[in-house]
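Data from protein_24.tsv: TSV, C-alpha atoms
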```
chain	number	residue	atom	x	y	z
A	1	MET	CA	-41.69	-202.64	24.75
A	2	ARG	CA	-41.64	-198.84	24.40
A	3	LEU	CA	-43.49	-197.44	21.40
A	4	ALA	CA	-43.68	-193.95	19.95
A	5	TRP	CA	-46.91	-193.28	18.04
A	6	PHE	CA	-47.11	-190.29	15.70
A	7	SER	CA	-50.69	-189.59	14.68
A	8	PRO	CA	-53.46	-187.00	14.90
A	9	LEU	CA	-55.63	-187.52	17.97
A	10	PRO	CA	-59.16	-186.32	18.82
A	11	PRO	CA	-60.57	-183.74	18.41
A	12	ILE	CA	-58.57	-183.36	15.17
A	13	PRO	CA	-61.15	-184.23	12.47
A	14	SER	CA	-59.27	-187.04	10.74
A	15	GLY	CA	-60.39	-190.64	10.41
A	16	ILE	CA	-56.89	-191.66	11.50
A	17	SER	CA	-57.39	-189.62	14.66
A	18	ASP	CA	-60.29	-191.91	15.60
A	19	TYR	CA	-58.33	-194.95	14.39
A	20	SER	CA	-55.47	-194.18	16.80
A	21	ALA	CA	-57.78	-193.36	19.69
A	22	GLU	CA	-59.40	-196.79	19.30
A	23	ILE	CA	-56.31	-198.99	18.86
A	24	LEU	CA	-54.00	-197.25	21.36
A	25	PRO	CA	-55.69	-198.64	24.52
A	26	PHE	CA	-55.18	-202.17	23.14
A	27	LEU	CA	-51.48	-201.43	22.59
A	28	ALA	CA	-51.13	-199.73	25.96
A	29	ALA	CA	-52.31	-202.95	27.65
A	30	ARG	CA	-49.19	-204.74	26.35
A	31	ALA	CA	-46.62	-201.96	25.82
A	32	GLU	CA	-45.54	-198.55	27.07
A	33	VAL	CA	-46.91	-196.12	24.50
A	34	THR	CA	-46.29	-192.41	24.04
A	35	ALA	CA	-48.40	-190.58	21.48
A	36	PHE	CA	-47.07	-187.55	19.61
A	37	SER	CA	-49.70	-185.32	18.03
A	38	GLU	CA	-49.91	-181.80	16.73
A	39	ARG	CA	-52.05	-179.40	18.75
A	40	PRO	CA	-55.56	-179.05	17.29
A	41	ARG	CA	-56.34	-175.89	15.36
A	42	GLY	CA	-59.16	-173.43	15.96
A	43	LEU	CA	-61.06	-173.46	19.23
A	44	PHE	CA	-59.56	-176.71	20.52
A	45	ARG	CA	-56.30	-176.23	22.39
A	46	ARG	CA	-55.24	-179.76	23.26
A	47	VAL	CA	-55.64	-183.35	22.17
A	48	HIS	CA	-57.61	-185.95	24.10
A	49	PRO	CA	-55.58	-189.17	24.33
A	50	PRO	CA	-57.28	-192.39	25.40
A	51	PRO	CA	-56.76	-193.64	28.98
A	52	GLY	CA	-53.41	-195.23	29.68
A	53	VAL	CA	-51.59	-193.46	26.84
A	54	ALA	CA	-49.02	-190.78	27.57
A	55	THR	CA	-48.58	-187.81	25.25
A	56	ALA	CA	-45.58	-185.63	24.55
A	57	ARG	CA	-44.72	-182.61	22.45
A	58	LEU	CA	-43.22	-183.27	19.04
A	59	ASN	CA	-39.92	-181.61	19.95
A	60	ALA	CA	-39.58	-183.95	22.95
A	61	TYR	CA	-39.16	-187.05	20.77
A	62	ARG	CA	-35.85	-188.86	21.25
A	63	PRO	CA	-35.53	-192.00	19.08
A	64	GLY	CA	-33.23	-193.70	21.58
A	65	ASP	CA	-35.96	-193.67	24.21
A	66	PHE	CA	-38.13	-196.10	22.23
A	67	ASP	CA	-37.89	-199.61	20.82
A	68	ALA	CA	-39.88	-198.60	17.74
A	69	ALA	CA	-41.76	-195.62	16.34
A	70	TYR	CA	-44.89	-195.74	14.20
A	71	PHE	CA	-45.65	-192.78	11.91
A	72	HIS	CA	-49.26	-192.71	10.71
A	73	LEU	CA	-49.52	-191.07	7.30
A	74	GLY	CA	-52.82	-189.99	5.79
A	75	ASN	CA	-53.23	-188.26	2.46
A	76	ASN	CA	-54.49	-184.94	3.83
A	77	PRO	CA	-53.14	-181.79	5.58
A	78	TRP	CA	-53.79	-183.12	9.09
A	79	HIS	CA	-50.72	-185.35	8.63
A	80	GLU	CA	-48.14	-182.72	7.73
A	81	PHE	CA	-46.51	-182.98	11.16
A	82	VAL	CA	-46.24	-186.78	10.87
A	83	TYR	CA	-44.60	-186.48	7.45
A	84	GLU	CA	-42.02	-183.99	8.70
A	85	ALA	CA	-41.35	-185.92	11.92
A	86	PHE	CA	-40.72	-189.09	9.94
A	87	LEU	CA	-38.25	-187.43	7.59
A	88	ALA	CA	-36.39	-186.00	10.58
A	89	ASN	CA	-36.16	-189.42	12.32
A	90	PRO	CA	-37.33	-192.30	10.07
A	91	GLY	CA	-39.09	-195.23	11.68
A	92	ILE	CA	-41.99	-197.49	10.72
A	93	ALA	CA	-44.27	-195.80	8.18
A	94	VAL	CA	-47.97	-196.63	8.39
A	95	PHE	CA	-49.56	-195.80	5.05
A	96	HIS	CA	-53.29	-195.41	5.56
A	97	ASP	CA	-53.31	-194.35	1.89
A	98	PHE	CA	-50.90	-195.61	-0.74
A	99	VAL	CA	-51.06	-192.15	-2.33
A	100	THR	CA	-49.42	-189.28	-0.40
A	101	HIS	CA	-49.24	-186.79	-3.29
A	102	HIS	CA	-52.20	-184.72	-2.03
A	103	LEU	CA	-50.47	-184.29	1.34
A	104	VAL	CA	-47.10	-183.46	-0.20
A	105	ALA	CA	-48.53	-180.97	-2.72
A	106	HIS	CA	-50.54	-179.20	-0.01
A	107	LEU	CA	-47.57	-178.99	2.33
A	108	MET	CA	-45.07	-177.73	-0.21
A	109	VAL	CA	-47.04	-175.82	-2.85
A	110	GLU	CA	-50.74	-175.29	-2.24
A	111	ALA	CA	-50.37	-174.00	1.33
A	112	GLY	CA	-46.61	-173.50	1.47
A	113	HIS	CA	-43.70	-172.00	-0.41
A	114	GLN	CA	-41.41	-174.99	-0.90
A	115	GLU	CA	-41.52	-175.43	-4.66
A	116	ASP	CA	-37.86	-176.48	-4.89
A	117	ARG	CA	-38.47	-179.22	-2.34
A	118	TYR	CA	-41.55	-180.41	-4.24
A	119	LEU	CA	-39.53	-180.51	-7.46
A	120	ASP	CA	-36.76	-182.52	-5.77
A	121	ILE	CA	-39.25	-185.16	-4.60
A	122	LEU	CA	-40.96	-185.37	-8.00
A	123	GLU	CA	-37.63	-185.79	-9.77
A	124	ALA	CA	-36.35	-188.30	-7.19
A	125	GLU	CA	-39.36	-190.53	-7.81
A	126	HIS	CA	-40.16	-189.91	-11.46
A	127	GLY	CA	-37.11	-188.34	-13.11
A	128	GLU	CA	-37.87	-186.30	-16.21
A	129	VAL	CA	-41.59	-187.07	-15.89
A	130	GLY	CA	-41.46	-185.52	-12.43
A	131	THR	CA	-39.98	-182.35	-13.90
A	132	LYS	CA	-42.87	-182.14	-16.38
A	133	LEU	CA	-45.40	-182.71	-13.59
A	134	PHE	CA	-43.85	-179.84	-11.65
A	135	ARG	CA	-44.21	-177.53	-14.62
A	136	LEU	CA	-47.86	-178.49	-15.01
A	137	LYS	CA	-48.43	-177.69	-11.35
A	138	ARG	CA	-46.57	-174.39	-11.56
A	139	TYR	CA	-48.64	-173.17	-14.48
A	140	GLY	CA	-51.95	-174.32	-13.00
A	141	VAL	CA	-52.56	-177.02	-15.60
A	142	ALA	CA	-52.26	-180.07	-13.33
A	143	THR	CA	-55.37	-181.62	-11.77
A	144	ASP	CA	-55.94	-183.88	-8.78
A	145	PHE	CA	-56.06	-186.85	-11.14
A	146	GLU	CA	-52.28	-186.68	-11.63
A	147	LYS	CA	-51.90	-187.09	-7.89
A	148	PHE	CA	-53.55	-190.51	-8.08
A	149	LEU	CA	-51.32	-191.53	-11.00
A	150	PHE	CA	-48.10	-190.42	-9.29
A	151	PRO	CA	-48.52	-191.27	-5.59
A	152	LEU	CA	-45.18	-189.89	-4.27
A	153	ALA	CA	-45.07	-192.60	-1.60
A	154	GLY	CA	-41.56	-193.80	-2.43
A	155	TYR	CA	-39.79	-190.84	-0.83
A	156	VAL	CA	-40.97	-192.04	2.57
A	157	ALA	CA	-41.20	-195.78	1.86
A	158	LYS	CA	-37.55	-196.14	0.85
A	159	ARG	CA	-36.42	-194.48	4.08
A	160	ALA	CA	-38.61	-196.57	6.37
A	161	ALA	CA	-37.49	-199.21	8.84
A	162	GLY	CA	-40.68	-201.03	7.90
A	163	ILE	CA	-44.00	-200.36	6.21
A	164	VAL	CA	-47.52	-201.04	7.48
A	165	VAL	CA	-50.46	-201.10	5.06
A	166	HIS	CA	-54.05	-202.23	5.46
A	167	SER	CA	-54.48	-204.35	2.31
A	168	ALA	CA	-52.65	-206.87	0.14
A	169	ASP	CA	-53.15	-204.54	-2.82
A	170	SER	CA	-51.12	-201.79	-1.12
A	171	ALA	CA	-48.54	-204.32	0.12
A	172	GLU	CA	-47.80	-205.44	-3.44
A	173	LYS	CA	-47.37	-201.85	-4.58
A	174	MET	CA	-45.09	-201.03	-1.65
A	175	ALA	CA	-42.91	-204.08	-2.30
A	176	GLU	CA	-42.33	-202.81	-5.84
A	177	LEU	CA	-41.79	-199.24	-4.71
A	178	ALA	CA	-39.37	-199.97	-1.85
A	179	PRO	CA	-37.72	-203.37	-2.44
A	180	GLY	CA	-35.95	-204.70	0.62
A	181	VAL	CA	-38.04	-202.76	3.14
A	182	PRO	CA	-40.17	-205.11	5.30
A	183	VAL	CA	-43.90	-204.77	4.65
A	184	VAL	CA	-46.77	-206.10	6.74
A	185	VAL	CA	-50.54	-206.02	6.23
A	186	ILE	CA	-52.41	-205.01	9.38
A	187	PRO	CA	-56.13	-204.78	8.54
A	188	HIS	CA	-58.03	-201.67	9.48
A	189	HIS	CA	-59.59	-202.73	12.78
A	190	ALA	CA	-63.35	-202.52	13.11
A	191	GLY	CA	-63.37	-200.21	16.11
A	192	ALA	CA	-66.08	-200.13	18.73
A	193	PRO	CA	-68.97	-197.78	19.44
A	194	PRO	CA	-68.67	-195.40	22.40
A	195	ALA	CA	-70.31	-196.46	25.66
A	196	SER	CA	-72.98	-193.79	25.18
A	197	VAL	CA	-74.61	-195.80	22.39
A	198	ALA	CA	-74.43	-199.18	24.09
A	199	GLY	CA	-77.69	-201.04	23.63
A	200	VAL	CA	-79.14	-198.48	21.22
A	201	THR	CA	-81.33	-200.27	18.69
A	202	ARG	CA	-82.18	-199.32	15.12
A	203	GLU	CA	-85.56	-198.05	16.30
A	204	GLU	CA	-84.13	-195.99	19.17
A	205	ALA	CA	-81.43	-194.51	16.92
A	206	ARG	CA	-84.10	-193.39	14.45
A	207	ARG	CA	-86.17	-191.87	17.24
A	208	ARG	CA	-83.19	-189.86	18.54
A	209	LEU	CA	-82.26	-188.69	15.05
A	210	LYS	CA	-85.89	-187.95	14.08
A	211	LEU	CA	-85.75	-190.33	11.14
A	212	PRO	CA	-88.91	-192.11	9.95
A	213	PRO	CA	-89.46	-195.30	11.99
A	214	GLU	CA	-90.37	-197.21	8.84
A	215	GLY	CA	-88.88	-197.02	5.37
A	216	PHE	CA	-85.55	-198.19	4.05
A	217	VAL	CA	-82.71	-195.87	5.15
A	218	VAL	CA	-79.42	-195.77	3.25
A	219	GLY	CA	-76.25	-194.24	4.68
A	220	HIS	CA	-73.17	-192.69	3.12
A	221	PHE	CA	-70.40	-191.95	5.66
A	222	GLY	CA	-67.28	-189.82	5.29
A	223	PHE	CA	-66.20	-186.81	3.26
A	224	ILE	CA	-68.27	-186.40	0.10
A	225	THR	CA	-65.75	-186.10	-2.73
A	226	ARG	CA	-65.72	-186.92	-6.43
A	227	PRO	CA	-63.85	-190.26	-5.91
A	228	LYS	CA	-66.70	-191.33	-3.58
A	229	GLN	CA	-68.93	-191.30	-6.69
A	230	PRO	CA	-71.74	-189.12	-5.27
A	231	GLU	CA	-73.56	-189.18	-8.62
A	232	ALA	CA	-73.76	-192.97	-8.54
A	233	VAL	CA	-74.88	-192.89	-4.89
A	234	VAL	CA	-77.65	-190.36	-5.50
A	235	ASN	CA	-78.82	-191.85	-8.79
A	236	GLY	CA	-78.87	-195.32	-7.26
A	237	PHE	CA	-80.91	-194.06	-4.34
A	238	ALA	CA	-83.30	-192.28	-6.74
A	239	SER	CA	-84.35	-195.64	-8.16
A	240	LEU	CA	-85.04	-196.97	-4.67
A	241	TYR	CA	-87.00	-193.83	-3.79
A	242	ALA	CA	-89.15	-194.24	-6.89
A	243	GLU	CA	-90.19	-197.65	-5.56
A	244	ASP	CA	-90.37	-196.66	-1.87
A	245	PRO	CA	-91.31	-193.01	-1.16
A	246	ASP	CA	-90.57	-193.63	2.54
A	247	ALA	CA	-86.92	-194.40	1.74
A	248	ARG	CA	-84.29	-191.94	2.98
A	249	LEU	CA	-80.63	-191.25	2.25
A	250	VAL	CA	-78.44	-189.82	5.03
A	251	LEU	CA	-75.09	-188.27	4.15
A	252	VAL	CA	-72.81	-188.16	7.19
A	253	GLY	CA	-69.73	-186.14	6.36
A	254	ALA	CA	-68.59	-182.81	5.00
A	255	ASP	CA	-69.55	-181.96	1.40
A	256	ASN	CA	-66.50	-181.27	-0.76
A	257	THR	CA	-68.31	-181.21	-4.11
A	258	GLY	CA	-68.46	-177.42	-4.36
A	259	GLY	CA	-72.24	-177.32	-4.50
A	260	GLY	CA	-72.52	-180.11	-7.05
A	261	LEU	CA	-74.29	-182.40	-4.59
A	262	ASP	CA	-77.07	-179.90	-3.83
A	263	ARG	CA	-77.63	-179.18	-7.51
A	264	MET	CA	-77.93	-182.89	-8.18
A	265	LEU	CA	-80.51	-183.39	-5.42
A	266	VAL	CA	-82.62	-180.49	-6.72
A	267	ARG	CA	-82.43	-181.75	-10.30
A	268	LEU	CA	-83.62	-185.21	-9.27
A	269	GLY	CA	-86.29	-183.94	-6.88
A	270	LEU	CA	-84.68	-185.66	-3.90
A	271	ARG	CA	-84.06	-182.80	-1.50
A	272	ASP	CA	-86.87	-183.88	0.88
A	273	ALA	CA	-85.66	-187.50	0.85
A	274	VAL	CA	-82.00	-186.75	1.66
A	275	ARG	CA	-80.55	-185.55	4.95
A	276	HIS	CA	-77.06	-184.07	4.94
A	277	ALA	CA	-75.81	-184.31	8.52
A	278	GLY	CA	-72.32	-182.94	7.82
A	279	PHE	CA	-69.34	-183.84	10.02
A	280	VAL	CA	-70.46	-185.40	13.33
A	281	ASP	CA	-68.76	-186.73	16.45
A	282	LEU	CA	-68.30	-190.46	17.02
A	283	GLU	CA	-71.43	-190.87	19.14
A	284	ARG	CA	-73.69	-189.33	16.50
A	285	PHE	CA	-71.84	-191.24	13.79
A	286	TYR	CA	-72.80	-194.50	15.46
A	287	LEU	CA	-76.39	-193.38	15.95
A	288	TYR	CA	-76.66	-192.88	12.20
A	289	LEU	CA	-74.90	-196.19	11.55
A	290	ARG	CA	-77.34	-197.99	13.85
A	291	ALA	CA	-80.28	-196.27	12.13
A	292	VAL	CA	-79.53	-197.27	8.52
A	293	ASP	CA	-80.40	-200.47	6.68
A	294	ALA	CA	-77.57	-200.27	4.13
A	295	VAL	CA	-74.30	-198.38	3.59
A	296	ILE	CA	-72.81	-197.25	0.28
A	297	ASN	CA	-69.02	-196.79	0.23
A	298	LEU	CA	-67.66	-196.29	-3.30
A	299	ARG	CA	-64.07	-195.25	-4.07
A	300	TYR	CA	-62.75	-194.60	-7.57
A	301	PRO	CA	-60.11	-193.57	-8.25
A	302	SER	CA	-58.70	-194.82	-4.98
A	303	ALA	CA	-55.72	-193.44	-3.09
A	304	GLY	CA	-55.05	-196.99	-1.88
A	305	GLU	CA	-56.97	-196.39	1.34
A	306	SER	CA	-58.90	-198.86	3.47
A	307	SER	CA	-62.11	-197.39	4.82
A	308	GLY	CA	-62.64	-197.14	8.56
A	309	THR	CA	-66.33	-196.46	8.02
A	310	PHE	CA	-66.57	-199.67	5.99
A	311	ALA	CA	-64.91	-201.63	8.80
A	312	ARG	CA	-67.32	-200.14	11.34
A	313	ALA	CA	-70.30	-200.91	9.13
A	314	LEU	CA	-69.26	-204.56	8.85
A	315	ALA	CA	-68.85	-204.86	12.61
A	316	GLU	CA	-72.33	-203.38	13.04
A	317	GLY	CA	-73.74	-206.00	10.67
A	318	LYS	CA	-74.79	-203.57	7.95
A	319	ALA	CA	-75.36	-204.51	4.34
A	320	THR	CA	-72.67	-202.64	2.42
A	321	ILE	CA	-72.14	-201.72	-1.23
A	322	VAL	CA	-68.56	-201.07	-2.41
A	323	ASN	CA	-66.53	-200.95	-5.60
A	324	ASN	CA	-64.91	-204.19	-6.70
A	325	TYR	CA	-61.59	-202.38	-6.72
A	326	GLY	CA	-58.52	-201.87	-4.53
A	327	SER	CA	-58.79	-203.06	-0.94
A	328	PHE	CA	-62.55	-203.58	-1.31
A	329	ALA	CA	-61.92	-206.27	-3.93
A	330	GLU	CA	-60.25	-208.39	-1.24
A	331	VAL	CA	-63.42	-208.69	0.82
A	332	PRO	CA	-65.49	-211.81	-0.06
A	333	ARG	CA	-68.66	-211.37	-2.08
A	334	ASP	CA	-70.77	-213.03	0.61
A	335	VAL	CA	-69.73	-210.21	2.97
A	336	THR	CA	-70.36	-207.14	0.82
A	337	LEU	CA	-72.05	-206.28	-2.47
A	338	LYS	CA	-69.80	-205.17	-5.33
A	339	VAL	CA	-70.08	-202.46	-7.98
A	340	GLU	CA	-67.85	-202.72	-11.06
A	341	ILE	CA	-66.02	-199.54	-12.03
A	342	ASP	CA	-66.23	-200.25	-15.76
A	343	GLY	CA	-70.05	-200.40	-15.79
A	344	PRO	CA	-72.89	-197.95	-15.03
A	345	GLN	CA	-72.31	-197.58	-11.29
A	346	GLY	CA	-75.60	-195.82	-10.53
A	347	GLU	CA	-77.58	-198.65	-12.08
A	348	GLN	CA	-75.63	-201.26	-10.12
A	349	VAL	CA	-76.17	-199.35	-6.86
A	350	ALA	CA	-79.89	-199.15	-7.63
A	351	GLU	CA	-80.08	-202.88	-8.31
A	352	HIS	CA	-78.38	-203.70	-5.00
A	353	LEU	CA	-80.53	-201.30	-2.97
A	354	VAL	CA	-83.79	-202.57	-4.44
A	355	HIS	CA	-82.70	-206.17	-3.83
A	356	LEU	CA	-81.79	-205.40	-0.21
A	357	ARG	CA	-85.11	-203.69	0.42
A	358	ARG	CA	-87.20	-206.46	-1.12
A	359	ASP	CA	-85.35	-209.42	0.36
A	360	ALA	CA	-85.02	-209.12	4.13
A	361	GLU	CA	-83.70	-212.69	4.44
A	362	PHE	CA	-80.86	-211.94	2.01
A	363	ARG	CA	-80.07	-208.73	3.90
A	364	GLN	CA	-79.92	-210.58	7.21
A	365	ALA	CA	-77.60	-213.25	5.80
A	366	LEU	CA	-75.27	-210.55	4.46
A	367	ALA	CA	-75.33	-208.86	7.87
A	368	ALA	CA	-74.36	-212.08	9.64
A	369	ASN	CA	-71.46	-212.65	7.25
A	370	ALA	CA	-70.30	-209.06	7.76
A	371	ARG	CA	-70.23	-209.47	11.54
A	372	ALA	CA	-68.33	-212.76	11.28
A	373	TYR	CA	-65.74	-211.23	8.93
A	374	ALA	CA	-65.22	-208.26	11.25
A	375	HIS	CA	-64.87	-210.59	14.25
A	376	ASP	CA	-62.32	-212.86	12.56
A	377	VAL	CA	-60.29	-210.45	10.42
A	378	LEU	CA	-60.75	-206.93	11.82
A	379	ASP	CA	-60.54	-207.74	15.54
A	380	PRO	CA	-58.57	-205.00	17.40
A	381	ASP	CA	-56.75	-207.58	19.56
A	382	ARG	CA	-55.45	-209.28	16.42
A	383	CYS	CA	-54.40	-205.95	14.91
A	384	ARG	CA	-52.67	-204.96	18.17
A	385	ASP	CA	-50.64	-208.17	18.17
A	386	LEU	CA	-49.57	-207.59	14.56
A	387	TYR	CA	-48.33	-204.10	15.46
A	388	LEU	CA	-46.32	-205.44	18.41
A	389	GLN	CA	-44.86	-208.33	16.41
A	390	PHE	CA	-43.76	-206.03	13.60
A	391	ALA	CA	-42.22	-203.54	16.05
A	392	GLY	CA	-40.21	-206.36	17.57
A	393	ARG	CA	-39.11	-207.50	14.14
A	394	VAL	CA	-37.89	-204.21	12.63
A	395	GLY	CA	-37.40	-201.95	15.67
A	396	ARG	CA	-35.52	-198.72	15.11
A	397	ALA	CA	-33.56	-199.81	12.04
A	398	ALA	CA	-34.02	-197.13	9.39
A	399	ASN	CA	-33.30	-197.59	5.72
A	400	VAL	CA	-32.04	-194.12	4.81
A	401	PRO	CA	-30.47	-193.86	1.35
A	402	ALA	CA	-27.18	-192.03	1.14
```
Could you rewrite the structure in this file as structure tokens?
Amino acid sequence: MRLAWFSPLPPIPSGISDYSAEILPFLAARAEVTAFSERPRGLFRRVHPPPGVATARLNAYRPGDFDAAYFHLGNNPWHEFVYEAFLANPGIAVFHDFVTHHLVAHLMVEAGHQEDRYLDILEAEHGEVGTKLFRLKRYGVATDFEKFLFPLAGYVAKRAAGIVVHSADSAEKMAELAPGVPVVVIPHHAGAPPASVAGVTREEARRRLKLPPEGFVVGHFGFITRPKQPEAVVNGFASLYAEDPDARLVLVGADNTGGGLDRMLVRLGLRDAVRHAGFVDLERFYLYLRAVDAVINLRYPSAGESSGTFARALAEGKATIVNNYGSFAEVPRDVTLKVEIDGPQGEQVAEHLVHLRRDAEFRQALAANARAYAHDVLDPDRCRDLYLQFAGRVGRAANVPA
């Protein structure tokens, strides 16, 4: 089988870049795969595909040369080229987020001059309501919240030969949005640490990162944004810190709160107890993941995404705390701890963290369940087979409305 794979690749700083780099070698073992990626911006001049995977320029893509093409869509500017390539030659759309409105708005309005095109898509999906949304955007009244309410995924979904999502929640929404288009759930695989961290223990990871050898360490991984509920994360940790002054919180990811995070840490007197590592490469990411005792991964509102950092944390046997919402709600309660979105989230986070610190036996049982879930459900071999089966089922057939 010959597969075309449209996705960012390292060193492009997208979670989907790492996702593709991890799953592609598994696919390449059973199929002939060519990856199409935009050239990285800034200092980096070329992508770094995994071994065994060929790459080609975007303008070299010829649909007839492949049995199927997968287009990996993420809800951020790094996926503009995937969006445009799909619309030029529709294939199988992989929605890593159910919402694509942030991507579309950035491409056509916020960083571009394609307002008429943006209006056409809004009206195609939402009719008169779409026209009103466009006017709000034009006059600077619209907020990011409207983007969650009006996902703009249908424009792509209805043209797809097939749709891949990572959760049953997104599959149900896609079935309503694009009736008749085949949909499959392929879980977000758990990934694997790079060889450079093989055998690194919790203690060694802390030594390398200059973290205290004792004390309960909590991790938050990924971009720090308002939907990640940083206030609940920090306030929850503050309660743990009041009980254990040796406790630490590490924030691994770029801060997109506009200074709000720093002001919060100063107000709560937590600056010395919190380390903000910023964006890190995969090796350092895993060092931090090995070093922590628990991971907090909240998402509300959600763009319908499934978290790669959550999948990695489960595979590493980490106690995790997530919202009981969206794709997270599908994970059993004996695998991860849940926070309800309609209650005081900071208090719930605090309760979970204190429980985890006090009860090592409970934490170890949760860790064992997490590893088992990752092994059974998030195994890359299983995910690879699902991709190949779906490619064989839908192939190049595109559902392009007249």
Rounded to one decimal in Å, what is the spacing between atom CA of A:Gly199 and atom CA of A:Gly15?
->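 Distance reported for this atom pair: 24.1 Å.
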Skip stretch 57-74 of chain A itself and residues of its chain fewer than 4 positions away, then list as a PyMOL selection string all residues within 7 Å of it, counting all atoms listed in the file.
-> chain A and resi 1-7+36-37+79+82-83+86+91-97+391+395-396
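Going from atom CA of A:Arg271 over to atom CA of A:Phe237, you cover 12.0 Å.
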Considering all atoms listed in the file, state which residue in the set A:Val322, A:Leu211, A:Ala88, A:Ile224 is at the smallest distance from A:Ala160.
->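 So, comparing all the options, the nearest one is A:Ala88.
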Within 9 Å of A:Asn235, counting all atoms listed in the file, which residues show up once you throw out same-chain ones fewer than 4 positions away? Write them as a ChimeraX atom specification, please.
-> /A:230-231,239,268,346-347,349-350
List the neighbours of A:Asp334 out to 12 Å using only C-alpha atoms; skip same-chain residues closer than 2 positions along the sequence, and give me the result as a PyMOL selection string.
-> chain A and resi 314+319-321+330-332+336-338+362-373
Mind checking which residues fall within 9 Å of stretch 138-152 of chain A, counting all atoms listed in the file, ignoring those fewer than 2 positions away in the same chain, and posting them as a PyMOL selection string?
-> chain A and resi 98-102+104-105+109+115+121-122+125-126+130+133-136+154-156+301-303
Determine, counting only C-alpha atoms, which protein, DNA and RNA residues have an atom within 8 Å of an atom of A:Leu287; residues of the same chain fewer than 4 positions away are not included. Present the result as a compact mmCIF listing (two decimals) with C-alpha atoms, in the frame of the given file.
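selection-v1.txt written:
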```txt
# COMPACT_ATOMS: atom_id res chain seq x y z
CA VAL A 197 -74.61 -195.80 22.39
CA VAL A 200 -79.14 -198.48 21.22
CA ALA A 205 -81.43 -194.51 16.92
CA ARG A 206 -84.10 -193.39 14.45
CA LEU A 209 -82.26 -188.69 15.05
CA GLU A 283 -71.43 -190.87 19.14
CA ALA A 291 -80.28 -196.27 12.13
```
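Atom to atom, atom CA of A:Arg358 and atom CA of A:Arg248 stand 15.4 Å apart.
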Using all atoms listed in the file, find the one residue out of A:Val377, A:Ile341, A:His220, A:Thr225 that sits nearest to A:Phe310.
->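 For A:Phe310, the nearest of the given residues is A:His220.
With all atoms listed in the file as the atoms that count, the residue of A:Ala315, A:Ala111, A:Ile186, A:Val47 with the shortest distance to A:Arg384 is A:Ile186.
The point (-54.3, -197.1, 22.0) has these residues within 9 Å of it, counting all atoms listed in the file: Tyr19, Ser20, Ala21, Glu22, Ile23, Leu24, Pro25, Phe26, Leu27, Ala28, Ala29, Val33, Ala35, Pro49, Pro50, Pro51, Gly52, Val53 and Arg384 of chain A.
Distance check against A:Pro194 using only C-alpha atoms: of A:Ala329, A:Ala85, A:Arg284, A:Ala360, the minimum falls on A:Arg284.
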Need the neighbours of (-71.1, -184.2, 12.6): which residues are at most 12 Å away, counting all atoms listed in the file, as a list in words?
->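 All residues meeting the 12 Å criterion around (-71.1, -184.2, 12.6) are Pro13, Phe221, Gly222, Phe223, Val250, Leu251, Val252, Gly253, Ala254, Asp255, His276, Ala277, Gly278, Phe279, Val280, Asp281, Leu282, Glu283, Arg284, Phe285, Tyr286, Leu287 and Tyr288 of chain A.
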